[in-house]
Amino acid sequence: MVQSVKTRFDASFAALSDATRRGVLEQLGRADASITDLAEKFHMTLTGMKKHVGVLEQAGLVTTEKVGRVRTCKLGLHRLEEETAWIERYRQLWDARFEELDKVVEELKRKEKVHGRKKRK
Amino acid sequence: MDARRESEPTPMKNRTTVERKSERELVVTRTFNGPARIVFEAWTKPELIKRWWVPKSMDMSLLSCEMDVRVGGKYRFVFGHDASKPMAFFGRYIEVTPYSRLVWTNEESDDGAVTTVTFEEQDGKTLLAMHELYPSKEALDAAGTGAADATVETFAQLDELLVTLGASVGR
């Protein structure tokens, strides 16, 4: 699935805007459940619940796995956190590099002021 | 905020952003308080790149660094925690446009990215964008994890420091 973190967040917020879907997340926070279980619990048709779970799945908030004829749903938050942490650590690496690069740039600027000005226009 | 320190002005720190544009692409952006020709120079001269590519926090050193910054020219960086287990990072420059654009390949494995760095000057500042395109999603995932691992030790040290300082790690 091609999604940047930002798009993923947008999808998450959209997914969370619905009360039933928030209820489903709360429910899955207590225990994994099949789509049938969830449909019963929320007094919905199987098709209706499938749609909600689909939205949550799209946002990376829920993962589902089909074993035999039963599709089990579980919280997928972990993956979202993992991806965010991964990006953040990558950012930290470049941020540390760029902080050093700032110093190099400052030094070159100073040198240029002292020596180079005559050569350039 | 202590705004007045005439002798040693503290330049405002610019923010580094990282965005995963697609499953194979990563973009890092940052503004530098200097003209493009200076920032470009810092990316293309070995004696300068040596000073920032491996920050102290990485707990690694750059053992050697050769760069022939011309179209088709090769580069080779050798890193290591110590000299006994060196890691080489090499490839070729495929585009070199002074002060505005650099493109290089990374060839130490089939999973290497093609990196494009652009330098855009505005009012004496330079907006730098580094775009990495990996051959597959798996390659990007692996590269990210590798880079992340390089900083894990830093976090471990920070954790230790926080404990020493008596900060409660409330988890």
# chains A, B, ... in the order shown; residues from 1 in each chain; ligands from 1
call {"tool": "closest_atom_pairs", "arguments": {"of": "range 36-154 of chain B", "to": "range 102-111 of chain A", "cutoff": "12 Å", "atoms": "only C-alpha atoms", "output": "Markdown table"}}
result
| residue | atom | partner | partner_atom | distance |
| --- | --- | --- | --- | --- |
| B:Ala36 | CA | A:Val105 | CA | 10.0 |
| B:Arg37 | CA | A:Val105 | CA | 10.0 |
| B:Ile38 | CA | A:Val105 | CA | 6.4 |
| B:Val39 | CA | A:Val105 | CA | 6.3 |
| B:Phe40 | CA | A:Val105 | CA | 9.7 |
| B:Glu41 | CA | A:Val105 | CA | 9.0 |
| B:Ala42 | CA | A:Val104 | CA | 7.1 |
| B:Trp43 | CA | A:Val104 | CA | 10.3 |
| B:Lys45 | CA | A:Val104 | CA | 11.5 |
| B:Glu47 | CA | A:Val104 | CA | 10.6 |
| B:Leu48 | CA | A:Val104 | CA | 7.2 |
| B:Ile49 | CA | A:Val104 | CA | 8.9 |
| B:Lys50 | CA | A:Val104 | CA | 10.3 |
| B:Arg51 | CA | A:Val104 | CA | 7.5 |
| B:Trp52 | CA | A:Val104 | CA | 7.7 |
| B:Trp53 | CA | A:Val104 | CA | 11.1 |
| B:Pro55 | CA | A:Lys103 | CA | 11.7 |
| B:Gly124 | CA | A:Lys109 | CA | 10.8 |
| B:Lys125 | CA | A:Val105 | CA | 10.7 |
| B:Thr126 | CA | A:Val105 | CA | 10.6 |
call {"tool": "interface_residues", "arguments": {"of": "chain B", "to": "chain A", "cutoff": "7 Å", "atoms": "only C-alpha atoms", "output": "short mmCIF file (atom, residue, chain, number, x, y, z; two decimals) with N, CA and C atoms, in the first residue's frame"}}
result
data_model
loop_
_atom_site.label_atom_id
_atom_site.label_comp_id
_atom_site.auth_asym_id
_atom_site.auth_seq_id
_atom_site.Cartn_x
_atom_site.Cartn_y
_atom_site.Cartn_z
N THR B 16 14.72 19.52 10.28
CA THR B 16 14.91 18.46 9.30
C THR B 16 13.61 17.67 9.19
N THR B 17 13.11 17.50 7.99
CA THR B 17 11.90 16.69 7.86
C THR B 17 12.20 15.46 7.00
N VAL B 18 11.53 14.39 7.31
CA VAL B 18 11.69 13.16 6.53
C VAL B 18 10.29 12.69 6.17
N GLU B 19 10.09 12.42 4.91
CA GLU B 19 8.79 11.92 4.51
C GLU B 19 8.95 10.73 3.58
N ARG B 20 8.17 9.71 3.84
CA ARG B 20 8.20 8.56 2.96
C ARG B 20 7.16 8.84 1.88
N LYS B 21 7.65 9.18 0.68
CA LYS B 21 6.75 9.60 -0.39
C LYS B 21 5.99 8.44 -0.99
N SER B 22 6.63 7.30 -1.03
CA SER B 22 5.96 6.11 -1.53
C SER B 22 6.70 4.94 -0.91
N GLU B 23 6.32 3.74 -1.26
CA GLU B 23 6.98 2.62 -0.59
C GLU B 23 8.45 2.47 -1.00
N PHE B 32 19.44 25.55 5.02
CA PHE B 32 20.73 25.94 5.58
C PHE B 32 20.91 27.44 5.45
N GLY B 34 22.95 29.58 4.42
CA GLY B 34 24.09 29.94 3.59
C GLY B 34 23.72 29.76 2.15
N ILE B 38 27.94 27.34 -1.20
CA ILE B 38 28.65 26.88 -0.01
C ILE B 38 28.13 25.52 0.44
N VAL B 39 26.81 25.37 0.43
CA VAL B 39 26.24 24.09 0.86
C VAL B 39 26.66 22.99 -0.12
N TRP B 52 31.05 16.31 8.63
CA TRP B 52 29.67 16.24 9.09
C TRP B 52 28.94 14.93 8.81
N TRP B 53 29.43 14.12 7.89
CA TRP B 53 28.68 12.92 7.50
C TRP B 53 28.53 11.92 8.64
N VAL B 54 29.53 11.84 9.49
CA VAL B 54 29.44 10.92 10.62
C VAL B 54 29.49 11.72 11.91
N PRO B 55 28.32 12.16 12.37
CA PRO B 55 28.31 12.95 13.61
C PRO B 55 28.78 12.11 14.78
N GLY B 144 16.24 1.81 6.16
CA GLY B 144 15.77 2.60 7.29
C GLY B 144 16.11 1.95 8.60
N THR B 145 15.92 0.65 8.67
CA THR B 145 16.23 -0.06 9.90
C THR B 145 17.72 0.04 10.20
N ALA B 147 19.81 2.44 9.28
CA ALA B 147 20.13 3.79 9.72
C ALA B 147 19.64 4.00 11.14
N ALA B 148 18.46 3.45 11.41
CA ALA B 148 17.89 3.59 12.73
C ALA B 148 18.77 2.90 13.76
N THR B 151 21.56 4.80 15.26
CA THR B 151 21.29 5.81 16.28
C THR B 151 20.79 5.20 17.59
#
call {"tool": "closest_residue", "arguments": {"among": "B:Leu63, B:Ile94, B:Ala113, B:Val27", "to": "Ala139 in chain B", "atoms": "only C-alpha atoms"}}
result
B:Ala113
call {"tool": "atom_distance", "arguments": {"atom1": "CA of Gly91 in chain B", "atom2": "CA of Phe79 in chain B"}}
result
14.7 Å
call {"tool": "atom_distance", "arguments": {"atom1": "CA of Glu57 in chain A", "atom2": "CA of His131 in chain B"}}
result
28.9 Å
call {"tool": "select_by_dssp", "arguments": {"residues": "range 91-144 of chain B", "states": "alpha helix (DSSP H)", "output": "PyMOL selection string"}}
result
chain B and resi 137-144
call {"tool": "write_last_selection", "arguments": {"atoms": "N, CA and C atoms", "output": "PDB file, in the first residue's frame"}}
result
ATOM      1  N   LYS B 137      10.416  -1.885  -1.970  1.00  0.00           N
ATOM      2  CA  LYS B 137       9.960  -1.485  -0.647  1.00  0.00           C
ATOM      3  C   LYS B 137      10.847  -2.124   0.418  1.00  0.00           C
ATOM      4  N   GLU B 138      11.196  -3.401   0.197  1.00  0.00           N
ATOM      5  CA  GLU B 138      12.015  -4.142   1.153  1.00  0.00           C
ATOM      6  C   GLU B 138      13.372  -3.469   1.336  1.00  0.00           C
ATOM      7  N   ALA B 139      13.921  -2.981   0.217  1.00  0.00           N
ATOM      8  CA  ALA B 139      15.234  -2.330   0.283  1.00  0.00           C
ATOM      9  C   ALA B 139      15.169  -1.063   1.129  1.00  0.00           C
ATOM     10  N   LEU B 140      14.083  -0.311   0.958  1.00  0.00           N
ATOM     11  CA  LEU B 140      13.934   0.919   1.748  1.00  0.00           C
ATOM     12  C   LEU B 140      13.720   0.587   3.221  1.00  0.00           C
ATOM     13  N   ASP B 141      12.884  -0.407   3.483  1.00  0.00           N
ATOM     14  CA  ASP B 141      12.654  -0.824   4.872  1.00  0.00           C
ATOM     15  C   ASP B 141      13.970  -1.207   5.537  1.00  0.00           C
ATOM     16  N   ALA B 142      14.774  -1.981   4.810  1.00  0.00           N
ATOM     17  CA  ALA B 142      16.038  -2.456   5.364  1.00  0.00           C
ATOM     18  C   ALA B 142      16.996  -1.293   5.602  1.00  0.00           C
ATOM     19  N   ALA B 143      17.033  -0.362   4.652  1.00  0.00           N
ATOM     20  CA  ALA B 143      17.933   0.785   4.788  1.00  0.00           C
ATOM     21  C   ALA B 143      17.537   1.623   5.993  1.00  0.00           C
ATOM     22  N   GLY B 144      16.244   1.806   6.164  1.00  0.00           N
ATOM     23  CA  GLY B 144      15.765   2.598   7.285  1.00  0.00           C
ATOM     24  C   GLY B 144      16.111   1.951   8.601  1.00  0.00           C
TER      25      GLY B 144
END
call {"tool": "atom_distance", "arguments": {"atom1": "CA of Val71 in chain B", "atom2": "CA of Glu132 in chain B"}}
result
18.3 Å
call {"tool": "select_by_dssp", "arguments": {"residues": "range 3-149 of chain B", "states": "strand (DSSP E or B)", "output": "PyMOL selection string"}}
result
chain B and resi 17-22+25-32+61-67+74-80+87-97+101-105+114-122+125-133
call {"tool": "closest_residue", "arguments": {"among": "B:Asn106, B:Ser100, B:Ser64, B:Thr44", "to": "Leu127 in chain B", "atoms": "only C-alpha atoms"}}
result
B:Ser100
call {"tool": "residues_around", "arguments": {"residues": "Lys50 in chain A", "least_positions_apart": "4", "cutoff": "10 Å", "atoms": "only C-alpha atoms", "output": "list in words"}}
result
Ile35, Thr36, Leu38, Ala39, Met44, Thr45, Leu46, Gly54, Val55, Leu56 and Arg71 of chain A
call {"tool": "write_last_selection", "arguments": {"atoms": "N, CA and C atoms", "output": "compact mmCIF listing (two decimals), in the first residue's frame"}}
result
# COMPACT_ATOMS: atom_id res chain seq x y z
N ILE A 35 -15.19 -10.91 12.48
CA ILE A 35 -16.14 -9.93 11.95
C ILE A 35 -17.56 -10.28 12.39
N THR A 36 -17.87 -11.56 12.46
CA THR A 36 -19.19 -12.01 12.90
C THR A 36 -19.45 -11.56 14.34
N LEU A 38 -18.10 -9.08 15.90
CA LEU A 38 -18.25 -7.62 15.94
C LEU A 38 -19.61 -7.19 15.41
N ALA A 39 -20.06 -7.84 14.33
CA ALA A 39 -21.36 -7.50 13.75
C ALA A 39 -22.46 -7.73 14.78
N MET A 44 -25.17 -5.12 13.74
CA MET A 44 -25.04 -4.71 12.35
C MET A 44 -25.04 -5.93 11.45
N THR A 45 -25.22 -5.67 10.17
CA THR A 45 -25.10 -6.76 9.22
C THR A 45 -23.61 -7.06 9.04
N LEU A 46 -23.35 -8.24 8.55
CA LEU A 46 -21.97 -8.65 8.28
C LEU A 46 -21.32 -7.70 7.27
N GLY A 54 -12.93 -2.56 7.07
CA GLY A 54 -12.12 -2.20 5.90
C GLY A 54 -11.50 -0.81 6.04
N VAL A 55 -12.32 0.14 6.53
CA VAL A 55 -11.81 1.51 6.72
C VAL A 55 -10.70 1.52 7.77
N LEU A 56 -10.93 0.79 8.85
CA LEU A 56 -9.93 0.74 9.93
C LEU A 56 -8.64 0.08 9.43
N ARG A 71 -12.65 -14.57 9.66
CA ARG A 71 -11.68 -13.48 9.56
C ARG A 71 -11.55 -12.83 10.94
call {"tool": "closest_residue", "arguments": {"among": "B:Val96, B:Met130, B:Met60, B:Met87", "to": "Gly73 in chain B", "atoms": "only C-alpha atoms"}}
result
B:Val96
